[in-house]
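Structure below is upload.cif: mmCIF, C-alpha atoms (C1' of nucleotides).
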```cif
data_query
loop_
_atom_site.label_atom_id
_atom_site.label_comp_id
_atom_site.auth_asym_id
_atom_site.auth_seq_id
_atom_site.Cartn_x
_atom_site.Cartn_y
_atom_site.Cartn_z
CA MET R 1 105.07 79.40 93.09
CA ASN R 2 102.75 82.02 94.45
CA LEU R 3 104.25 84.84 92.42
CA LEU R 4 104.13 82.60 89.38
CA PHE R 5 100.43 81.81 89.60
CA LYS R 6 99.75 85.40 90.50
CA ALA R 7 101.48 86.49 87.33
CA LEU R 8 99.65 83.96 85.18
CA ARG R 9 96.26 84.97 86.55
CA ASP R 10 95.89 88.05 84.38
CA PRO R 11 94.92 87.81 80.68
CA THR R 12 97.07 90.77 79.68
CA ARG R 13 100.12 89.18 81.24
CA ARG R 14 99.42 85.82 79.62
CA ARG R 15 99.09 87.59 76.31
CA ILE R 16 102.43 89.32 76.83
CA LEU R 17 104.09 85.96 77.43
CA GLU R 18 102.59 84.61 74.23
CA MET R 19 103.99 87.60 72.35
CA LEU R 20 107.42 87.11 73.86
CA LYS R 21 107.30 83.46 72.84
CA GLU R 22 107.71 84.63 69.24
CA ARG R 23 110.42 87.21 69.76
CA ASP R 24 111.96 89.59 72.27
CA LEU R 25 110.17 92.90 72.43
CA THR R 26 110.69 96.33 73.95
CA ALA R 27 108.22 97.70 76.48
CA GLY R 28 106.96 100.07 73.81
CA GLN R 29 106.35 97.32 71.27
CA ILE R 30 104.44 95.33 73.84
CA GLY R 31 102.37 98.36 74.76
CA GLU R 32 101.30 98.88 71.14
CA ALA R 33 99.35 95.63 71.27
CA PHE R 34 97.13 96.80 74.11
CA ALA R 35 94.59 99.56 74.64
CA MET R 36 96.30 100.58 77.82
CA THR R 37 98.72 103.28 78.96
CA ALA R 38 102.46 102.73 79.18
CA PRO R 39 102.49 102.78 83.00
CA SER R 40 99.93 99.97 83.07
CA ILE R 41 102.09 97.87 80.79
CA SER R 42 105.05 98.69 82.98
CA TYR R 43 103.12 97.43 85.96
CA HIS R 44 102.36 94.11 84.26
CA LEU R 45 105.94 93.71 83.09
CA ASP R 46 107.09 94.28 86.64
CA LEU R 47 104.88 91.48 87.96
CA LEU R 48 106.13 89.16 85.23
CA LYS R 49 109.68 90.08 86.17
CA GLN R 50 108.97 89.42 89.85
CA ALA R 51 107.70 85.99 88.90
CA GLN R 52 110.86 85.49 86.85
CA LEU R 53 108.76 84.83 83.78
CA VAL R 54 110.62 87.53 81.88
CA SER R 55 113.98 89.22 82.09
CA ALA R 56 114.74 92.75 80.99
CA ARG R 57 117.85 94.33 79.57
CA LYS R 58 118.31 97.96 78.81
CA ARG R 59 119.84 98.95 75.49
CA GLY R 60 120.07 102.69 75.11
CA GLN R 61 116.72 104.16 76.02
CA PHE R 62 114.90 100.95 75.19
CA VAL R 63 114.21 98.04 77.51
CA THR R 64 113.92 94.69 75.83
CA TYR R 65 111.99 91.89 77.47
CA THR R 66 112.74 88.20 77.07
CA LEU R 67 110.60 85.22 78.01
CA GLU R 68 112.16 83.08 80.73
CA THR R 69 110.76 79.58 80.85
CA THR R 70 112.75 78.03 83.65
CA VAL R 71 110.27 78.93 86.32
CA LEU R 72 107.45 77.42 84.29
CA ASP R 73 108.90 73.99 84.92
CA ASP R 74 107.80 74.24 88.53
CA SER R 75 104.22 75.00 87.60
CA LEU R 76 104.30 72.23 85.05
CA GLY R 77 105.51 69.79 87.68
CA TRP R 78 102.86 70.89 90.11
CA ILE R 79 100.05 70.49 87.59
CA LEU R 80 101.39 67.19 86.29
CA ASP R 81 101.48 65.86 89.82
CA LEU R 82 97.86 66.74 90.24
CA ILE R 83 96.93 65.03 87.01
CA LYS R 84 99.05 61.92 87.28
CA LYS R 85 99.28 60.84 90.88
CA GLY R 86 95.59 61.18 91.66
CA LYS R 87 93.75 58.83 93.94
CA ARG R 88 96.41 56.27 94.75
CA LYS R 89 96.22 54.48 98.15
CA MET I 1 91.28 79.33 80.83
CA ASN I 2 90.63 82.47 82.76
CA LEU I 3 88.55 80.80 85.46
CA LEU I 4 91.19 78.11 85.69
CA PHE I 5 94.09 80.45 86.32
CA LYS I 6 91.90 82.49 88.63
CA ALA I 7 91.22 79.37 90.67
CA LEU I 8 94.87 78.35 90.77
CA ARG I 9 95.99 81.78 91.88
CA ASP I 10 95.05 81.29 95.55
CA PRO I 11 97.23 79.21 97.92
CA THR I 12 94.26 77.89 99.88
CA ARG I 13 92.66 76.59 96.71
CA ARG I 14 95.88 75.02 95.49
CA ARG I 15 96.21 73.32 98.85
CA ILE I 16 92.66 71.99 98.58
CA LEU I 17 93.48 70.48 95.20
CA GLU I 18 96.55 68.79 96.67
CA MET I 19 94.40 67.33 99.43
CA LEU I 20 91.84 66.05 96.94
CA LYS I 21 94.64 64.45 94.96
CA GLU I 22 94.96 61.91 97.76
CA ARG I 23 91.29 61.19 98.34
CA ASP I 24 87.80 62.61 98.03
CA LEU I 25 86.82 64.78 100.98
CA THR I 26 83.72 66.43 102.36
CA ALA I 27 83.55 70.20 102.74
CA GLY I 28 83.89 69.74 106.48
CA GLN I 29 87.00 67.59 106.22
CA ILE I 30 88.58 70.15 103.94
CA GLY I 31 87.70 72.93 106.35
CA GLU I 32 89.44 71.20 109.24
CA ALA I 33 92.77 71.67 107.51
CA PHE I 34 92.48 75.45 107.49
CA ALA I 35 92.21 78.22 110.06
CA MET I 36 89.22 79.65 108.29
CA THR I 37 85.45 79.63 108.70
CA ALA I 38 83.19 77.21 106.83
CA PRO I 39 81.73 79.93 104.60
CA SER I 40 85.21 80.90 103.46
CA ILE I 41 85.94 77.31 102.52
CA SER I 42 82.61 77.16 100.74
CA TYR I 43 83.60 80.21 98.78
CA HIS I 44 86.87 78.63 97.65
CA LEU I 45 85.16 75.37 96.77
CA ASP I 46 82.70 77.29 94.67
CA LEU I 47 85.49 78.94 92.67
CA LEU I 48 87.15 75.57 92.16
CA LYS I 49 83.84 74.18 90.96
CA GLN I 50 83.36 77.09 88.58
CA ALA I 51 86.78 76.34 87.12
CA GLN I 52 85.75 72.69 86.83
CA LEU I 53 88.71 71.68 88.93
CA VAL I 54 86.43 69.83 91.34
CA SER I 55 83.01 68.24 91.24
CA ALA I 56 80.64 67.91 94.17
CA ARG I 57 78.07 65.27 95.02
CA LYS I 58 75.73 65.39 97.96
CA ARG I 59 75.31 62.27 100.08
CA GLY I 60 72.95 62.85 102.98
CA GLN I 61 73.90 66.07 104.67
CA PHE I 62 77.49 65.82 103.46
CA VAL I 63 78.92 67.15 100.24
CA THR I 64 81.90 65.25 98.91
CA TYR I 65 84.37 66.94 96.62
CA THR I 66 86.37 65.19 93.93
CA LEU I 67 89.36 66.45 91.98
CA GLU I 68 88.68 66.84 88.26
CA THR I 69 91.81 66.93 86.17
CA THR I 70 90.42 67.23 82.65
CA VAL I 71 90.53 70.98 82.62
CA LEU I 72 94.15 70.96 83.75
CA ASP I 73 95.16 69.58 80.38
CA ASP I 74 94.42 72.95 78.81
CA SER I 75 96.67 74.79 81.22
CA LEU I 76 99.33 72.18 80.71
CA GLY I 77 99.13 72.64 76.97
CA TRP I 78 99.33 76.38 77.28
CA ILE I 79 102.39 76.27 79.52
CA LEU I 80 104.10 73.60 77.43
CA ASP I 81 103.60 75.74 74.35
CA LEU I 82 105.33 78.58 76.08
CA ILE I 83 108.23 76.40 77.12
CA LYS I 84 108.72 74.41 73.96
CA LYS I 85 107.96 76.59 70.98
CA GLY I 86 109.96 79.57 72.14
CA LYS I 87 111.88 81.84 69.82
CA ARG I 88 111.41 80.04 66.51
CA LYS I 89 111.55 82.18 63.31
"C1'" DG W 1 58.24 67.56 115.45
"C1'" DA W 2 62.13 69.88 117.76
"C1'" DT W 3 67.02 70.02 117.78
"C1'" DT W 4 71.46 69.29 116.07
"C1'" DT W 5 74.73 69.05 112.30
"C1'" DA W 6 76.71 70.06 107.48
"C1'" DA W 7 76.87 73.15 104.26
"C1'" DT W 8 75.65 77.16 101.64
"C1'" DT W 9 73.89 81.96 100.84
"C1'" DA W 10 73.62 86.90 102.05
"C1'" DG W 11 75.61 90.94 103.41
"C1'" DA W 12 79.47 93.67 105.25
"C1'" DT W 13 84.30 94.93 105.03
"C1'" DA W 14 89.37 95.30 104.61
"C1'" DT W 15 92.86 94.27 101.27
"C1'" DT W 16 94.63 93.57 96.78
"C1'" DT W 17 94.62 94.53 92.03
"C1'" DG W 18 94.59 96.96 87.61
"C1'" DT W 19 94.07 101.13 85.76
"C1'" DC W 20 94.73 106.13 85.20
"C1'" DT W 21 97.27 110.93 85.26
"C1'" DA W 22 101.27 113.43 86.64
"C1'" DA W 23 106.00 113.42 87.65
"C1'" DT W 24 110.65 111.52 87.18
"C1'" DT W 25 114.75 109.31 85.07
"C1'" DA W 26 117.65 108.27 81.51
"C1'" DT W 27 119.10 108.33 76.88
"C1'" DA W 28 119.28 110.39 72.16
"C1'" DT W 29 119.01 114.21 68.97
"C1'" DT W 30 119.26 118.88 67.45
"C1'" DA S 1 122.60 122.64 76.62
"C1'" DA S 2 117.70 122.24 75.22
"C1'" DT S 3 114.29 119.19 73.57
"C1'" DA S 4 112.29 114.89 72.50
"C1'" DT S 5 111.56 109.99 73.34
"C1'" DA S 6 111.24 105.48 76.14
"C1'" DA S 7 110.27 103.85 80.18
"C1'" DT S 8 109.43 103.76 85.07
"C1'" DT S 9 107.82 105.58 89.62
"C1'" DA S 10 104.37 107.92 92.57
"C1'" DG S 11 99.92 108.64 93.95
"C1'" DA S 12 94.91 108.23 93.40
"C1'" DC S 13 90.93 105.37 92.75
"C1'" DA S 14 87.36 101.94 91.27
"C1'" DA S 15 86.67 97.09 90.98
"C1'" DA S 16 87.70 92.48 92.43
"C1'" DT S 17 88.91 89.32 96.07
"C1'" DA S 18 89.04 86.85 100.48
"C1'" DT S 19 87.47 86.98 104.75
"C1'" DC S 20 84.04 87.39 108.53
"C1'" DT S 21 79.24 87.09 111.06
"C1'" DA S 22 74.43 86.14 110.64
"C1'" DA S 23 70.85 83.78 108.35
"C1'" DT S 24 69.13 79.96 105.61
"C1'" DT S 25 68.55 75.20 103.81
"C1'" DA S 26 68.57 70.45 104.16
"C1'" DA S 27 69.31 66.14 106.37
"C1'" DA S 28 69.78 63.27 110.74
"C1'" DT S 29 68.67 62.25 115.44
"C1'" DC S 30 66.31 62.49 119.69
#
```

Serialized structure, structure tokens:
Amino acid sequence: MNLLFKALRDPTRRRILEMLKERDLTAGQIGEAFAMTAPSISYHLDLLKQAQLVSARKRGQFVTYTLETTVLDDSLGWILDLIKKGKRK
Amino acid sequence: MNLLFKALRDPTRRRILEMLKERDLTAGQIGEAFAMTAPSISYHLDLLKQAQLVSARKRGQFVTYTLETTVLDDSLGWILDLIKKGKRK
DNA sequence: GATTTAATTAGATATTTGTCTAATTATATT
DNA sequence: AATATAATTAGACAAATATCTAATTAAATC
């Protein structure tokens, strides 16, 4: 939960997730969309991976990233709880 | 959106929101639940206020904080989009 | 009106974070 | 096998963050 919110805190990382929503992308393709060096993108991808928001598979010299939504269910549940349960008792 | 995720990133702040889900609380009451000085709590409450996740009203010398869920709808929408739309095309 | 209490603001500081350049690893191509 | 390409790792560094102590503000009580 902590790694998840940590990952979602950064605009670049949120943008990457939105891109991956459309289609799987290699690290290089992701990098093209940002005015940032490859190592910086790598860093963000690593945090997303740690949070299990993306998975990576290597194909030749390319690494393709895929959006993983399972872990988002937790955050959804947490937020929904906050919205729905409020103020009973 | 950015202030929102920024606010949700910190465990202390998430905990505060969970507490406020049950009932409104004064700054002091919130502080009691943490091993942290009053100014630190004030700091967190300020960030939550900036994100519009809580509102504050002063009654005498006390300040009571209330959970505000409206802004959470945005985050919910954003996350749901990520989960539901995925991989079309 | 002086003192206590609740809370915030100001200022200092250690840690975390996001970025960079340089170096490394691994694969593909010539 | 030498070179080029994709990506990551290592190390450095500035900016942001979370915490503290001290000072301030505002309300309540003696």

> Would you list which chain S residues are within 12 Å of chain I using all atoms listed in the file, as a PyMOL selection string?
Replying inline: chain S and resi 16-22+25-28

>> Assuming the chain letters and numbering stay as they are in my file, what does the PyMOL selection byres ((chain R) within 9 of (chain I)) actually select? List them as number ranges by chain.
In response: R: 2-11, 17-18, 20-24, 67-70, 72-73, 75-76, 79-89

>> the PyMOL selection byres ((chain W) within 9 of (chain R)) - which residues does that actually catch in the file I just gave you? List them as a list in words.
In response: DG18, DT19, DC20, DA26, DT27 and DA28 of chain W

> Can you list what the PyMOL selection byres ((chain R and resi 64) around 7) grabs from this structure, as an MDAnalysis selection string?
Replying inline: chainID R and resid 24:27 56:58 62:63 65:66

Could those residues be written to a file, using C-alpha atoms, as a PDB file, in the coordinates of the input?
```
ATOM      1  CA  ASP R  24     111.960  89.590  72.270  1.00  0.00           C
ATOM      2  CA  LEU R  25     110.170  92.900  72.430  1.00  0.00           C
ATOM      3  CA  THR R  26     110.690  96.330  73.950  1.00  0.00           C
ATOM      4  CA  ALA R  27     108.220  97.700  76.480  1.00  0.00           C
ATOM      5  CA  ALA R  56     114.740  92.750  80.990  1.00  0.00           C
ATOM      6  CA  ARG R  57     117.850  94.330  79.570  1.00  0.00           C
ATOM      7  CA  LYS R  58     118.310  97.960  78.810  1.00  0.00           C
ATOM      8  CA  PHE R  62     114.900 100.950  75.190  1.00  0.00           C
ATOM      9  CA  VAL R  63     114.210  98.040  77.510  1.00  0.00           C
ATOM     10  CA  TYR R  65     111.990  91.890  77.470  1.00  0.00           C
ATOM     11  CA  THR R  66     112.740  88.200  77.070  1.00  0.00           C
TER      12      THR R  66
END
```

Chain I fitted onto chain R, all C-alpha pairs in order, as an mmCIF file with C-alpha atoms, keeping the file's coordinate frame:
```cif
data_model
loop_
_atom_site.group_PDB
_atom_site.id
_atom_site.type_symbol
_atom_site.label_atom_id
_atom_site.label_comp_id
_atom_site.auth_asym_id
_atom_site.auth_seq_id
_atom_site.Cartn_x
_atom_site.Cartn_y
_atom_site.Cartn_z
ATOM 1 C CA MET I 1 105.062 79.371 93.123
ATOM 2 C CA ASN I 2 102.766 82.004 94.466
ATOM 3 C CA LEU I 3 104.262 84.843 92.441
ATOM 4 C CA LEU I 4 104.149 82.603 89.403
ATOM 5 C CA PHE I 5 100.461 81.807 89.631
ATOM 6 C CA LYS I 6 99.772 85.414 90.532
ATOM 7 C CA ALA I 7 101.508 86.497 87.342
ATOM 8 C CA LEU I 8 99.683 83.953 85.203
ATOM 9 C CA ARG I 9 96.310 84.935 86.585
ATOM 10 C CA ASP I 10 95.927 88.050 84.407
ATOM 11 C CA PRO I 11 94.951 87.805 80.708
ATOM 12 C CA THR I 12 97.087 90.776 79.700
ATOM 13 C CA ARG I 13 100.150 89.183 81.241
ATOM 14 C CA ARG I 14 99.449 85.822 79.649
ATOM 15 C CA ARG I 15 99.110 87.578 76.320
ATOM 16 C CA ILE I 16 102.449 89.316 76.841
ATOM 17 C CA LEU I 17 104.102 85.960 77.461
ATOM 18 C CA GLU I 18 102.603 84.599 74.245
ATOM 19 C CA MET I 19 103.989 87.582 72.360
ATOM 20 C CA LEU I 20 107.437 87.100 73.866
ATOM 21 C CA LYS I 21 107.313 83.454 72.859
ATOM 22 C CA GLU I 22 107.726 84.593 69.264
ATOM 23 C CA ARG I 23 110.443 87.180 69.763
ATOM 24 C CA ASP I 24 111.977 89.575 72.253
ATOM 25 C CA LEU I 25 110.161 92.898 72.420
ATOM 26 C CA THR I 26 110.672 96.319 73.930
ATOM 27 C CA ALA I 27 108.208 97.694 76.465
ATOM 28 C CA GLY I 28 106.922 100.044 73.793
ATOM 29 C CA GLN I 29 106.322 97.291 71.259
ATOM 30 C CA ILE I 30 104.432 95.310 73.857
ATOM 31 C CA GLY I 31 102.350 98.341 74.743
ATOM 32 C CA GLU I 32 101.254 98.845 71.149
ATOM 33 C CA ALA I 33 99.344 95.584 71.279
ATOM 34 C CA PHE I 34 97.100 96.751 74.103
ATOM 35 C CA ALA I 35 94.556 99.503 74.661
ATOM 36 C CA MET I 36 96.278 100.529 77.839
ATOM 37 C CA THR I 37 98.671 103.242 78.977
ATOM 38 C CA ALA I 38 102.431 102.713 79.189
ATOM 39 C CA PRO I 39 102.458 102.764 82.997
ATOM 40 C CA SER I 40 99.910 99.962 83.080
ATOM 41 C CA ILE I 41 102.085 97.872 80.798
ATOM 42 C CA SER I 42 105.060 98.693 82.977
ATOM 43 C CA TYR I 43 103.134 97.450 85.955
ATOM 44 C CA HIS I 44 102.373 94.119 84.285
ATOM 45 C CA LEU I 45 105.948 93.727 83.106
ATOM 46 C CA ASP I 46 107.117 94.304 86.635
ATOM 47 C CA LEU I 47 104.903 91.506 87.969
ATOM 48 C CA LEU I 48 106.156 89.185 85.246
ATOM 49 C CA LYS I 49 109.710 90.084 86.187
ATOM 50 C CA GLN I 50 109.012 89.447 89.857
ATOM 51 C CA ALA I 51 107.733 86.000 88.920
ATOM 52 C CA GLN I 52 110.891 85.493 86.862
ATOM 53 C CA LEU I 53 108.798 84.834 83.800
ATOM 54 C CA VAL I 54 110.650 87.546 81.891
ATOM 55 C CA SER I 55 114.009 89.254 82.078
ATOM 56 C CA ALA I 56 114.750 92.799 80.982
ATOM 57 C CA ARG I 57 117.873 94.367 79.540
ATOM 58 C CA LYS I 58 118.299 98.018 78.749
ATOM 59 C CA ARG I 59 119.831 98.991 75.415
ATOM 60 C CA GLY I 60 119.986 102.747 74.984
ATOM 61 C CA GLN I 61 116.653 104.199 75.935
ATOM 62 C CA PHE I 62 114.846 100.955 75.146
ATOM 63 C CA VAL I 63 114.194 98.070 77.477
ATOM 64 C CA THR I 64 113.907 94.697 75.803
ATOM 65 C CA TYR I 65 111.987 91.907 77.456
ATOM 66 C CA THR I 66 112.754 88.225 77.058
ATOM 67 C CA LEU I 67 110.640 85.232 78.010
ATOM 68 C CA GLU I 68 112.193 83.097 80.745
ATOM 69 C CA THR I 69 110.793 79.605 80.890
ATOM 70 C CA THR I 70 112.808 78.046 83.705
ATOM 71 C CA VAL I 71 110.319 78.941 86.365
ATOM 72 C CA LEU I 72 107.494 77.421 84.342
ATOM 73 C CA ASP I 73 108.932 73.985 84.979
ATOM 74 C CA ASP I 74 107.817 74.219 88.594
ATOM 75 C CA SER I 75 104.243 74.990 87.650
ATOM 76 C CA LEU I 76 104.333 72.226 85.101
ATOM 77 C CA GLY I 77 105.526 69.786 87.721
ATOM 78 C CA TRP I 78 102.859 70.865 90.139
ATOM 79 C CA ILE I 79 100.066 70.479 87.601
ATOM 80 C CA LEU I 80 101.404 67.174 86.297
ATOM 81 C CA ASP I 81 101.472 65.844 89.838
ATOM 82 C CA LEU I 82 97.847 66.723 90.205
ATOM 83 C CA ILE I 83 96.935 65.033 86.956
ATOM 84 C CA LYS I 84 99.040 61.921 87.224
ATOM 85 C CA LYS I 85 99.220 60.840 90.831
ATOM 86 C CA GLY I 86 95.529 61.174 91.536
ATOM 87 C CA LYS I 87 93.614 58.868 93.825
ATOM 88 C CA ARG I 88 96.294 56.316 94.672
ATOM 89 C CA LYS I 89 95.976 54.488 98.048
#
```

>> Please report the interatomic distance between CA of Asp46 in chain R and CA of Thr12 in chain R in Å with one decimal.
In response: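 Pair CA of Asp46 in chain R / CA of Thr12 in chain R returns 12.7 Å.
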
>> If we count all atoms listed in the file and set the cut-off at 10 Å, which residues sit around DA23 in chain W, ignoring sequence neighbours fewer than 5 positions away in its own chain? Please answer as a VMD selection string.
In response: chain S and resid 9 to 11

> Mind pulling up the distance from C1' of DC30 in chain S to C1' of DA7 in chain W?
Replying inline: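 Answer for the C1' of DA7 in chain W to C1' of DC30 in chain S separation: 21.5 Å.
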
>> Rounded to one decimal, what separation in Å do you get between C1' of DT8 in chain W and C1' of DT24 in chain S?
In response: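 C1' of DT24 in chain S lies 8.1 Å from C1' of DT8 in chain W.
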
>> For a quick check of your reading of the model, name the residues lying within 8 Å of the coordinate (69.7, 68.3, 119.1), counting all atoms listed in the file, and write them as a ChimeraX atom specification.
In response: /W:2-4 /S:29-30
